[in-house]
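Asks: Below is input_24.cif; it holds mmCIF, C-alpha atoms and all ligand atoms.
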data_coords
loop_
_atom_site.label_atom_id
_atom_site.label_comp_id
_atom_site.auth_asym_id
_atom_site.auth_seq_id
_atom_site.Cartn_x
_atom_site.Cartn_y
_atom_site.Cartn_z
CA MET U 7 102.38 12.26 -139.98
CA TYR U 8 101.46 15.00 -142.44
CA LYS U 9 103.46 18.19 -142.92
CA ILE U 10 101.89 21.63 -143.11
CA ILE U 11 102.94 23.77 -146.07
CA ASP U 12 103.38 27.13 -144.37
CA GLY U 13 102.31 29.90 -146.75
CA LYS U 14 103.36 32.62 -144.33
CA LEU U 15 106.89 31.28 -144.21
CA VAL U 16 107.25 30.84 -147.98
CA SER U 17 105.61 34.19 -148.77
CA GLN U 18 107.95 35.90 -146.32
CA SER U 19 110.95 34.47 -148.15
CA VAL U 20 109.57 35.65 -151.53
CA LYS U 21 108.80 39.12 -150.17
CA ASP U 22 112.22 39.43 -148.55
CA ASP U 23 113.83 38.63 -151.88
CA VAL U 24 111.68 41.29 -153.60
CA LYS U 25 112.52 43.75 -150.82
CA ALA U 26 116.27 43.28 -151.31
CA GLN U 27 115.97 43.75 -155.07
CA THR U 28 113.75 46.82 -154.63
CA LEU U 29 116.40 48.39 -152.42
CA LYS U 30 119.02 47.81 -155.13
CA LEU U 31 116.77 49.55 -157.68
CA LYS U 32 116.25 52.45 -155.28
CA GLU U 33 120.01 52.85 -155.08
CA GLN U 34 119.95 53.27 -158.88
CA GLY U 35 117.23 55.91 -158.50
CA ILE U 36 114.41 53.62 -159.64
CA ASP U 37 111.13 53.38 -157.70
CA VAL U 38 108.72 50.48 -158.12
CA THR U 39 105.07 51.61 -158.23
CA LEU U 40 101.85 49.57 -158.20
CA ALA U 41 98.49 51.20 -158.94
CA VAL U 42 95.49 49.42 -157.44
CA ILE U 43 91.94 50.18 -158.56
CA ILE U 44 88.96 49.19 -156.44
CA VAL U 45 85.38 49.96 -157.46
CA GLY U 46 82.54 49.90 -154.92
CA ASP U 47 82.55 48.71 -151.33
CA ASP U 48 82.77 44.92 -151.38
CA PRO U 49 84.22 44.14 -147.92
CA ALA U 50 86.31 41.14 -149.09
CA SER U 51 87.84 43.22 -151.90
CA ARG U 52 88.65 45.96 -149.40
CA VAL U 53 90.53 43.46 -147.20
CA TYR U 54 92.48 42.12 -150.21
CA VAL U 55 93.39 45.63 -151.38
CA ASN U 56 94.52 46.65 -147.89
CA ASN U 57 96.72 43.54 -147.72
CA LYS U 58 98.23 44.36 -151.11
CA LYS U 59 99.00 47.89 -149.93
CA LYS U 60 100.63 46.55 -146.77
CA ALA U 61 102.79 44.19 -148.81
CA CYS U 62 103.85 47.10 -151.07
CA GLU U 63 104.93 49.06 -148.01
CA TYR U 64 106.86 46.06 -146.70
CA VAL U 65 108.86 45.47 -149.87
CA GLY U 66 109.45 49.19 -150.44
CA PHE U 67 107.11 49.84 -153.40
CA LYS U 68 105.08 52.96 -153.85
CA SER U 69 101.40 52.10 -154.00
CA LEU U 70 98.68 54.25 -155.50
CA GLU U 71 95.09 53.47 -154.60
CA TYR U 72 92.13 54.50 -156.75
CA ALA U 73 88.97 53.81 -154.75
CA LEU U 74 86.07 54.57 -157.07
CA PRO U 75 82.38 54.71 -156.15
CA SER U 76 80.10 51.79 -157.11
CA ASP U 77 78.30 53.93 -159.72
CA THR U 78 81.52 54.51 -161.70
CA THR U 79 80.85 54.18 -165.44
CA GLN U 80 82.72 51.93 -167.84
CA GLN U 81 84.09 55.02 -169.59
CA GLN U 82 85.41 56.53 -166.34
CA LEU U 83 87.17 53.29 -165.49
CA MET U 84 88.56 52.92 -169.02
CA ASP U 85 89.84 56.52 -168.86
CA LEU U 86 91.64 55.79 -165.57
CA VAL U 87 93.22 52.61 -166.96
CA ASN U 88 94.41 54.50 -170.04
CA GLU U 89 95.84 57.29 -167.90
CA LEU U 90 97.76 54.72 -165.79
CA ASN U 91 98.93 52.89 -168.93
CA ASN U 92 100.48 56.13 -170.11
CA ARG U 93 102.14 57.12 -166.84
CA GLU U 94 105.82 56.28 -166.89
CA ASP U 95 106.03 56.24 -163.11
CA VAL U 96 103.41 53.44 -162.82
CA ASN U 97 104.88 49.96 -163.34
CA GLY U 98 101.95 47.72 -162.48
CA ILE U 99 98.17 48.12 -162.68
CA LEU U 100 95.74 45.91 -160.82
CA CYS U 101 91.98 46.24 -160.96
CA GLN U 102 90.47 44.33 -158.05
CA LEU U 103 87.80 41.85 -159.15
CA PRO U 104 84.91 41.30 -159.05
CA LEU U 105 83.72 44.63 -160.45
CA PRO U 106 80.13 45.78 -159.88
CA LYS U 107 77.72 44.00 -162.25
CA HIS U 108 77.14 46.95 -164.60
CA LEU U 109 80.83 47.06 -165.56
CA ASP U 110 82.43 44.93 -168.29
CA GLU U 111 85.32 43.16 -166.57
CA LYS U 112 86.66 41.63 -169.75
CA GLU U 113 86.98 45.00 -171.49
CA ILE U 114 88.86 46.44 -168.49
CA ILE U 115 91.26 43.49 -168.29
CA GLU U 116 92.04 43.82 -172.00
CA ALA U 117 92.53 47.59 -171.63
CA ILE U 118 95.37 47.21 -169.13
CA SER U 119 98.71 47.26 -170.95
CA PRO U 120 100.11 43.70 -171.04
CA LEU U 121 103.41 45.19 -169.87
CA LYS U 122 101.74 46.46 -166.68
CA ASP U 123 99.34 43.53 -166.21
CA VAL U 124 100.78 42.21 -162.94
CA ASP U 125 97.77 39.89 -162.45
CA ALA U 126 98.63 38.19 -165.78
CA PHE U 127 94.95 38.29 -166.76
CA HIS U 128 95.37 39.93 -170.21
CA ALA U 129 94.93 37.58 -173.19
CA VAL U 130 98.50 38.32 -174.32
CA ASN U 131 99.90 37.18 -170.98
CA VAL U 132 97.53 34.21 -170.79
CA GLY U 133 98.77 33.17 -174.24
CA LYS U 134 102.38 33.51 -173.11
CA ILE U 135 101.68 31.28 -170.13
CA MET U 136 100.19 28.70 -172.48
CA ILE U 137 103.41 28.49 -174.52
CA GLY U 138 105.62 28.59 -171.43
CA ASP U 139 107.30 31.89 -172.31
CA TYR U 140 106.00 34.30 -169.72
CA ASP U 141 107.01 37.52 -168.01
CA PHE U 142 104.19 37.53 -165.47
CA LEU U 143 102.94 34.52 -163.63
CA PRO U 144 99.31 34.27 -162.57
CA CYS U 145 99.57 35.12 -158.86
CA THR U 146 97.68 32.29 -157.16
CA PRO U 147 98.87 29.37 -159.31
CA ALA U 148 102.43 30.69 -159.26
CA GLY U 149 102.16 30.98 -155.48
CA VAL U 150 101.25 27.30 -155.34
CA MET U 151 104.27 26.42 -157.49
CA GLU U 152 106.54 28.46 -155.18
CA MET U 153 105.24 26.47 -152.21
CA LEU U 154 105.85 23.13 -153.92
CA SER U 155 109.36 24.21 -154.85
CA TYR U 156 110.16 25.48 -151.34
CA TYR U 157 109.23 22.07 -149.88
CA ASP U 158 111.10 20.20 -152.67
CA ILE U 159 107.92 18.59 -153.95
CA ASP U 160 108.64 17.47 -157.50
CA VAL U 161 105.54 16.95 -159.66
CA THR U 162 107.40 15.28 -162.54
CA GLY U 163 105.35 12.34 -163.78
CA LYS U 164 102.88 12.68 -160.91
CA ASN U 165 99.13 12.62 -161.27
CA CYS U 166 98.09 16.21 -160.61
CA VAL U 167 94.36 16.86 -160.36
CA VAL U 168 92.97 20.40 -160.33
CA ILE U 169 89.37 20.86 -159.20
CA GLY U 170 88.03 24.03 -160.82
CA ARG U 171 88.50 25.55 -164.26
CA SER U 172 88.46 29.32 -163.67
CA ASN U 173 90.62 31.62 -165.78
CA ILE U 174 92.23 32.99 -162.61
CA VAL U 175 93.18 29.72 -160.93
CA GLY U 176 92.14 26.36 -162.42
CA LYS U 177 93.28 26.76 -166.03
CA PRO U 178 96.63 28.50 -165.37
CA MET U 179 97.28 26.15 -162.43
CA ALA U 180 97.00 23.18 -164.77
CA MET U 181 99.37 24.83 -167.22
CA LEU U 182 102.06 25.56 -164.61
CA LEU U 183 101.90 21.96 -163.31
CA LEU U 184 102.21 20.77 -166.90
CA HIS U 185 105.29 22.97 -167.44
CA LYS U 186 106.83 21.13 -164.47
CA ASN U 187 106.07 17.79 -166.15
CA GLY U 188 103.04 16.80 -164.10
CA THR U 189 100.38 14.58 -165.68
CA VAL U 190 97.49 16.96 -165.28
CA THR U 191 93.72 16.49 -165.14
CA ILE U 192 91.31 19.41 -164.82
CA THR U 193 87.99 18.54 -163.21
CA HIS U 194 84.89 20.70 -162.77
CA SER U 195 81.21 20.70 -161.87
CA ARG U 196 80.31 18.48 -164.85
CA THR U 197 82.99 15.86 -164.16
CA VAL U 198 81.44 12.41 -163.81
CA ASP U 199 82.49 10.47 -160.70
CA LEU U 200 84.83 13.16 -159.40
CA LYS U 201 85.88 11.02 -156.44
CA ASN U 202 87.24 8.37 -158.79
CA VAL U 203 89.49 11.00 -160.41
CA THR U 204 90.63 12.75 -157.23
CA ASN U 205 91.42 9.41 -155.59
CA LYS U 206 94.21 8.90 -158.13
CA ALA U 207 95.80 12.30 -157.45
CA ASP U 208 99.34 12.47 -156.08
CA VAL U 209 98.87 16.24 -156.04
CA LEU U 210 95.36 17.59 -155.57
CA VAL U 211 94.60 21.29 -155.99
CA ALA U 212 91.17 22.41 -154.78
CA ALA U 213 89.91 25.65 -156.34
CA ILE U 214 86.15 25.26 -156.27
CA GLY U 215 84.96 27.94 -153.89
CA LYS U 216 82.82 25.60 -151.75
CA ALA U 217 83.52 25.21 -148.05
CA LYS U 218 85.00 21.82 -147.10
CA PHE U 219 84.06 20.31 -150.49
CA VAL U 220 87.02 17.90 -150.57
CA THR U 221 86.39 15.14 -148.04
CA ALA U 222 88.72 12.39 -146.80
CA ASP U 223 87.17 9.73 -149.06
CA MET U 224 88.22 11.78 -152.12
CA VAL U 225 91.91 11.80 -151.22
CA LYS U 226 94.58 9.17 -151.83
CA ASP U 227 96.93 8.17 -149.01
CA ASP U 228 100.06 10.37 -148.89
CA ALA U 229 98.69 12.90 -151.39
CA VAL U 230 99.88 16.50 -151.47
CA VAL U 231 96.76 18.63 -151.00
CA ILE U 232 96.70 22.32 -151.91
CA ASP U 233 93.67 24.32 -150.81
CA VAL U 234 93.02 27.50 -152.81
CA GLY U 235 89.58 28.06 -151.23
CA MET U 236 88.66 30.99 -149.05
CA ASN U 237 85.17 30.47 -147.64
CA ARG U 238 83.18 30.89 -144.45
CA ASP U 239 81.71 27.87 -142.69
CA GLN U 240 78.27 27.78 -140.96
CA ASN U 241 79.75 29.60 -137.97
CA GLY U 242 81.30 32.33 -140.11
CA LYS U 243 84.79 30.96 -139.57
CA LEU U 244 87.29 31.19 -142.43
CA CYS U 245 87.81 27.81 -144.11
CA GLY U 246 89.06 26.36 -147.37
CA ASP U 247 87.66 24.02 -150.01
CA VAL U 248 89.14 21.06 -148.10
CA ASP U 249 87.76 19.44 -144.97
CA PHE U 250 91.15 19.96 -143.34
CA GLU U 251 90.53 18.15 -140.08
CA ASN U 252 89.62 14.85 -141.73
CA VAL U 253 91.76 15.12 -144.88
CA ALA U 254 95.08 16.16 -143.27
CA PRO U 255 95.81 12.79 -141.55
CA LYS U 256 95.78 11.08 -144.99
CA CYS U 257 98.22 13.53 -146.62
CA SER U 258 101.97 13.80 -146.91
CA TYR U 259 101.65 17.60 -147.22
CA ILE U 260 98.69 19.95 -146.92
CA THR U 261 98.13 23.72 -146.95
CA PRO U 262 96.01 25.27 -144.19
CA VAL U 263 93.40 28.04 -144.57
CA PRO U 264 94.22 30.68 -143.49
CA GLY U 265 98.00 30.78 -143.74
CA GLY U 266 98.37 28.66 -146.88
CA VAL U 267 97.90 29.81 -150.46
CA GLY U 268 96.42 33.24 -149.51
CA PRO U 269 99.67 34.97 -148.51
CA MET U 270 101.43 33.49 -151.55
CA THR U 271 99.13 35.27 -154.02
CA ILE U 272 100.24 38.66 -152.71
CA ALA U 273 103.90 37.66 -152.60
CA VAL U 274 103.79 36.73 -156.31
CA LEU U 275 102.02 40.01 -157.06
CA MET U 276 105.03 41.78 -155.54
CA LYS U 277 107.35 39.62 -157.64
CA ASN U 278 105.41 40.47 -160.81
CA THR U 279 105.42 44.20 -160.06
CA LEU U 280 109.18 44.17 -159.55
CA LYS U 281 109.56 42.28 -162.84
CA ALA U 282 107.35 44.84 -164.62
CA CYS U 283 109.53 47.66 -163.31
CA LYS U 284 112.71 45.89 -164.42
CA LEU U 285 111.33 45.16 -167.90
CA GLN U 286 110.20 48.76 -168.30
CA ASN U 287 113.69 49.93 -167.35
CA ASN U 288 115.39 47.38 -169.62
CA LEU U 289 116.94 45.63 -166.64
CA LYS U 290 117.19 41.88 -166.19
N1 LIG N 301 89.95 39.08 -156.92
C1 LIG N 301 90.23 37.90 -156.32
N2 LIG N 301 91.50 37.51 -156.58
C2 LIG N 301 92.02 38.47 -157.38
C3 LIG N 301 93.31 38.64 -157.96
O1 LIG N 301 94.23 37.81 -157.84
N3 LIG N 301 93.46 39.78 -158.68
C4 LIG N 301 92.47 40.69 -158.86
N4 LIG N 301 92.73 41.76 -159.62
N5 LIG N 301 91.28 40.56 -158.33
C5 LIG N 301 91.06 39.46 -157.58
#
Mind turning this structure into structure tokens?
Ligand code: GUN

Replies:
Amino acid sequence: MYKIIDGKLVSQSVKDDVKAQTLKLKEQGIDVTLAVIIVGDDPASRVYVNNKKKACEYVGFKSLEYALPSDTTQQQLMDLVNELNNREDVNGILCQLPLPKHLDEKEIIEAISPLKDVDAFHAVNVGKIMIGDYDFLPCTPAGVMEMLSYYDIDVTGKNCVVIGRSNIVGKPMAMLLLHKNGTVTITHSRTVDLKNVTNKADVLVAAIGKAKFVTADMVKDDAVVIDVGMNRDQNGKLCGDVDFENVAPKCSYITPVPGGVGPMTIAVLMKNTLKACKLQNNLK
């Protein structure tokens, strides 16, 4: 019988830990503040930003929201990022992606101070992740690692297969699994005979962005399956990259969607923001 990896449960434990530490900082007169920038009116981004604000409230952070119109210019956005970089009372800066097409995402990411880059998207932080010496963990992959740790799932020596090679999930996910001594394979849309690779996975992470892409015939018996996807099926119902119903019976552990990786991403964001505040105040 498979076990469900409960993202709500694990994220609650991470957030409660952050909350307790935030309270201690408050007692020393230190507030933790996260600035969130959202440009335009993408409904999914709005939901994510609202959830991030709610999490800030829960753990006791101050949150500042900058909701900019969709015709915001690159210069206006750069000016805001620079202003937030220079504000001593702002510990973390997050610019919700994707940005409207006319804006240069890469330039904005690189403009955020690496010390306030709580998404860990800046090249400096990406480089630090690569060498295993990081302050900020990339939120979604780190959330996955928290889940594995909570359920005592050791990846040492295991075949770990990541489907997807994005900068936000696939690549850093592979790196974090590698740091924990997994034997890691990254697959993508050009991989030949994907099924033959995924069938050897002890740990399979699906980050493709295609509804129910991972089917039962692609999964080894007793595999640990982590679903990073967030899609809508034909009926508009939220679903992951894994065909949960048919894949779950083959697994030892599996994450559901919703209630799996999603809540973990925000919990790690809270962890990173607390870390940013501590680093900026020369605290451990
Ligand atoms: N859009 C989708 N996921 C993310 C994320 O983790 N951070 C930011 N900034 N934008 C996103």

Asks: Step by step, measure atom-to-atom distances between ligand LIG 301 (chain N) and each residue using only C-alpha atoms and all ligand atoms, keep those at most 10 Å, then write them as an NGL selection string.

Replies: :U and (42-44 or 50-51 or 54-55 or 99-105 or 115 or 123-127 or 144-147 or 174-175 or 268 or 271-272 or 274-275)

Asks: Can those selected residues be exported to a file as a compact mmCIF listing (two decimals), in the coordinates of the input so that it contains C-alpha atoms?

Replies:
# COMPACT_ATOMS: atom_id res chain seq x y z
CA VAL U 42 95.49 49.42 -157.44
CA ILE U 43 91.94 50.18 -158.56
CA ILE U 44 88.96 49.19 -156.44
CA ALA U 50 86.31 41.14 -149.09
CA SER U 51 87.84 43.22 -151.90
CA TYR U 54 92.48 42.12 -150.21
CA VAL U 55 93.39 45.63 -151.38
CA ILE U 99 98.17 48.12 -162.68
CA LEU U 100 95.74 45.91 -160.82
CA CYS U 101 91.98 46.24 -160.96
CA GLN U 102 90.47 44.33 -158.05
CA LEU U 103 87.80 41.85 -159.15
CA PRO U 104 84.91 41.30 -159.05
CA LEU U 105 83.72 44.63 -160.45
CA ILE U 115 91.26 43.49 -168.29
CA ASP U 123 99.34 43.53 -166.21
CA VAL U 124 100.78 42.21 -162.94
CA ASP U 125 97.77 39.89 -162.45
CA ALA U 126 98.63 38.19 -165.78
CA PHE U 127 94.95 38.29 -166.76
CA PRO U 144 99.31 34.27 -162.57
CA CYS U 145 99.57 35.12 -158.86
CA THR U 146 97.68 32.29 -157.16
CA PRO U 147 98.87 29.37 -159.31
CA ILE U 174 92.23 32.99 -162.61
CA VAL U 175 93.18 29.72 -160.93
CA GLY U 268 96.42 33.24 -149.51
CA THR U 271 99.13 35.27 -154.02
CA ILE U 272 100.24 38.66 -152.71
CA VAL U 274 103.79 36.73 -156.31
CA LEU U 275 102.02 40.01 -157.06

Asks: To one decimal place in Å, what is the distance between CA of Gln80 in chain U and CA of Glu111 in chain U?

Replies: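 That distance, rounded to one decimal, is 9.2 Å.
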
Asks: Would you work out the distance separating CA of Asp233 in chain U from CA of Leu210 in chain U, expressed in Å to one decimal?

Replies: 8.4 Å

Asks: Pick out the residues sitting within 9 Å of Ala254 in chain U, and hand them over as a list of chain:residue names; count all atoms listed in the file, and ignore anything fewer than 5 positions along from it in its own chain.

Replies: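 Result of the neighbour search: U:Met7, U:Tyr8, U:Lys9, U:Ile10, U:Ala222, U:Val231, U:Asp249, U:Tyr259, U:Ile260, U:Thr261.
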
Asks: Which one is closest to Ala148 in chain U: U:Val53, U:Ala229, U:Ala282, U:Val267? Count all atoms listed in the file.

Replies: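 With all atoms listed in the file as the atom set, the closest residue is U:Val267.
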
Asks: Select, counting all atoms listed in the file, all protein, DNA and RNA residues no farther than 12 Å from (104.7, 48.9, -161.4) in file coordinates, and express the selection as a PyMOL selection string.

Replies: chain U and resi 28+36-42+62+66-70+90-91+93-100+119-125+275-287

Asks: Expressed in Å to a single decimal, how great is the separation between CA of Met270 in chain U and CA of Gln240 in chain U?

Replies: 26.1 Å

Asks: Just want the 12 Å neighbourhood of Lys164 in chain U, counted on all atoms listed in the file, with same-chain residues fewer than 6 positions away dropped. Output as a PDB file with C-alpha atoms, keeping the file's coordinate frame.

Replies:
ATOM      1  CA  LEU U 183     101.900  21.960-163.310  1.00  0.00           C
ATOM      2  CA  LEU U 184     102.210  20.770-166.900  1.00  0.00           C
ATOM      3  CA  LYS U 186     106.830  21.130-164.470  1.00  0.00           C
ATOM      4  CA  ASN U 187     106.070  17.790-166.150  1.00  0.00           C
ATOM      5  CA  GLY U 188     103.040  16.800-164.100  1.00  0.00           C
ATOM      6  CA  THR U 189     100.380  14.580-165.680  1.00  0.00           C
ATOM      7  CA  VAL U 190      97.490  16.960-165.280  1.00  0.00           C
ATOM      8  CA  THR U 191      93.720  16.490-165.140  1.00  0.00           C
ATOM      9  CA  LYS U 206      94.210   8.900-158.130  1.00  0.00           C
ATOM     10  CA  ALA U 207      95.800  12.300-157.450  1.00  0.00           C
ATOM     11  CA  ASP U 208      99.340  12.470-156.080  1.00  0.00           C
ATOM     12  CA  VAL U 209      98.870  16.240-156.040  1.00  0.00           C
ATOM     13  CA  LEU U 210      95.360  17.590-155.570  1.00  0.00           C
ATOM     14  CA  ALA U 229      98.690  12.900-151.390  1.00  0.00           C
ATOM     15  CA  VAL U 230      99.880  16.500-151.470  1.00  0.00           C
TER      16      VAL U 230
END

Asks: With distances taken over all atoms listed in the file, which of U:Asn241, U:Ser258, U:Asn202, U:Ser172 is nearest to Asp228 in chain U?

Replies: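 The closest residue to Asp228 in chain U is U:Ser258.
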
Asks: If you take every atom of range 190-198 of chain U that the file lists and fit an axis-aligned box around them with 8 Å extra on each side, what centre and edge lengths come out in Å to one decimal, as lines of an AutoDock Vina configuration file?

Replies:
center_x = 88.9
center_y = 16.6
center_z = -163.6
size_x = 33.2
size_y = 24.3
size_z = 19.4

Asks: Skip Gly215 in chain U itself and residues of its chain fewer than 5 positions away, then list as number ranges by chain all residues within 10 Å of it, counting only C-alpha atoms.

Replies: U: 169-170, 233-237, 246-248

Asks: For Asp12 in chain U, which residue out of U:Ala273, U:Val130, U:Leu83, U:Met153 is the nearest one, using only C-alpha atoms?

Replies: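 Smallest distance to Asp12 in chain U is found for U:Met153.
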
Asks: Just checking: using all atoms listed in the file, which residue out of U:Lys25, U:Met84, U:Cys166, U:Asn131 ends up closest to Ala61 in chain U?

Replies: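 Answer, going by the shortest atom-to-atom distance: U:Lys25.
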
Asks: Measuring atom to atom with all atoms listed in the file, identify which of U:Asn165, U:Ile118, U:Gln34, U:His128 is nearest to Glu89 in chain U.

Replies: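 Selected residue with least distance to Glu89 in chain U: U:Ile118.
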
Asks: Complete the atoms of range 131-152 of chain U to N, CA and C atoms and put them out as a PDB file, in the coordinates of the input.

Replies:
ATOM      1  N   ASN U 131      99.134  37.882-172.032  1.00  0.00           N
ATOM      2  CA  ASN U 131      99.900  37.180-170.980  1.00  0.00           C
ATOM      3  C   ASN U 131      99.392  35.759-170.773  1.00  0.00           C
ATOM      4  N   VAL U 132      98.086  35.561-170.900  1.00  0.00           N
ATOM      5  CA  VAL U 132      97.530  34.210-170.790  1.00  0.00           C
ATOM      6  C   VAL U 132      98.116  33.330-171.908  1.00  0.00           C
ATOM      7  N   GLY U 133      98.202  33.897-173.103  1.00  0.00           N
ATOM      8  CA  GLY U 133      98.770  33.170-174.240  1.00  0.00           C
ATOM      9  C   GLY U 133     100.228  32.819-174.000  1.00  0.00           C
ATOM     10  N   LYS U 134     100.961  33.770-173.397  1.00  0.00           N
ATOM     11  CA  LYS U 134     102.380  33.510-173.110  1.00  0.00           C
ATOM     12  C   LYS U 134     102.536  32.388-172.085  1.00  0.00           C
ATOM     13  N   ILE U 135     101.633  32.348-171.132  1.00  0.00           N
ATOM     14  CA  ILE U 135     101.680  31.280-170.130  1.00  0.00           C
ATOM     15  C   ILE U 135     101.462  29.931-170.821  1.00  0.00           C
ATOM     16  N   MET U 136     100.527  29.924-171.740  1.00  0.00           N
ATOM     17  CA  MET U 136     100.190  28.700-172.480  1.00  0.00           C
ATOM     18  C   MET U 136     101.430  28.130-173.193  1.00  0.00           C
ATOM     19  N   ILE U 137     102.244  29.010-173.787  1.00  0.00           N
ATOM     20  CA  ILE U 137     103.410  28.490-174.520  1.00  0.00           C
ATOM     21  C   ILE U 137     104.667  28.424-173.641  1.00  0.00           C
ATOM     22  N   GLY U 138     104.505  28.754-172.378  1.00  0.00           N
ATOM     23  CA  GLY U 138     105.620  28.590-171.430  1.00  0.00           C
ATOM     24  C   GLY U 138     106.689  29.651-171.554  1.00  0.00           C
ATOM     25  N   ASP U 139     106.330  30.822-172.096  1.00  0.00           N
ATOM     26  CA  ASP U 139     107.300  31.890-172.310  1.00  0.00           C
ATOM     27  C   ASP U 139     106.734  33.168-171.698  1.00  0.00           C
ATOM     28  N   TYR U 140     106.743  33.209-170.348  1.00  0.00           N
ATOM     29  CA  TYR U 140     106.000  34.300-169.720  1.00  0.00           C
ATOM     30  C   TYR U 140     106.869  35.268-168.940  1.00  0.00           C
ATOM     31  N   ASP U 141     106.394  36.516-168.877  1.00  0.00           N
ATOM     32  CA  ASP U 141     107.010  37.520-168.010  1.00  0.00           C
ATOM     33  C   ASP U 141     106.307  37.495-166.655  1.00  0.00           C
ATOM     34  N   PHE U 142     104.970  37.483-166.709  1.00  0.00           N
ATOM     35  CA  PHE U 142     104.190  37.530-165.470  1.00  0.00           C
ATOM     36  C   PHE U 142     103.501  36.204-165.240  1.00  0.00           C
ATOM     37  N   LEU U 143     103.590  35.761-163.999  1.00  0.00           N
ATOM     38  CA  LEU U 143     102.940  34.520-163.630  1.00  0.00           C
ATOM     39  C   LEU U 143     101.601  34.834-162.979  1.00  0.00           C
ATOM     40  N   PRO U 144     100.582  34.041-163.251  1.00  0.00           N
ATOM     41  CA  PRO U 144      99.310  34.270-162.570  1.00  0.00           C
ATOM     42  C   PRO U 144      99.509  34.048-161.067  1.00  0.00           C
ATOM     43  N   CYS U 145      99.105  35.048-160.263  1.00  0.00           N
ATOM     44  CA  CYS U 145      99.570  35.120-158.860  1.00  0.00           C
ATOM     45  C   CYS U 145      99.270  33.881-158.021  1.00  0.00           C
ATOM     46  N   THR U 146      98.021  33.411-158.051  1.00  0.00           N
ATOM     47  CA  THR U 146      97.680  32.290-157.160  1.00  0.00           C
ATOM     48  C   THR U 146      98.341  30.983-157.618  1.00  0.00           C
ATOM     49  N   PRO U 147      98.190  30.597-158.888  1.00  0.00           N
ATOM     50  CA  PRO U 147      98.870  29.370-159.310  1.00  0.00           C
ATOM     51  C   PRO U 147     100.387  29.430-159.142  1.00  0.00           C
ATOM     52  N   ALA U 148     100.976  30.576-159.436  1.00  0.00           N
ATOM     53  CA  ALA U 148     102.430  30.690-159.260  1.00  0.00           C
ATOM     54  C   ALA U 148     102.802  30.587-157.789  1.00  0.00           C
ATOM     55  N   GLY U 149     101.938  31.096-156.930  1.00  0.00           N
ATOM     56  CA  GLY U 149     102.160  30.980-155.480  1.00  0.00           C
ATOM     57  C   GLY U 149     102.181  29.517-155.063  1.00  0.00           C
ATOM     58  N   VAL U 150     101.288  28.737-155.641  1.00  0.00           N
ATOM     59  CA  VAL U 150     101.250  27.300-155.340  1.00  0.00           C
ATOM     60  C   VAL U 150     102.559  26.644-155.791  1.00  0.00           C
ATOM     61  N   MET U 151     103.026  27.014-156.988  1.00  0.00           N
ATOM     62  CA  MET U 151     104.270  26.420-157.490  1.00  0.00           C
ATOM     63  C   MET U 151     105.466  26.793-156.606  1.00  0.00           C
ATOM     64  N   GLU U 152     105.466  28.027-156.096  1.00  0.00           N
ATOM     65  CA  GLU U 152     106.540  28.460-155.180  1.00  0.00           C
ATOM     66  C   GLU U 152     106.548  27.592-153.922  1.00  0.00           C
TER      67      GLU U 152
END
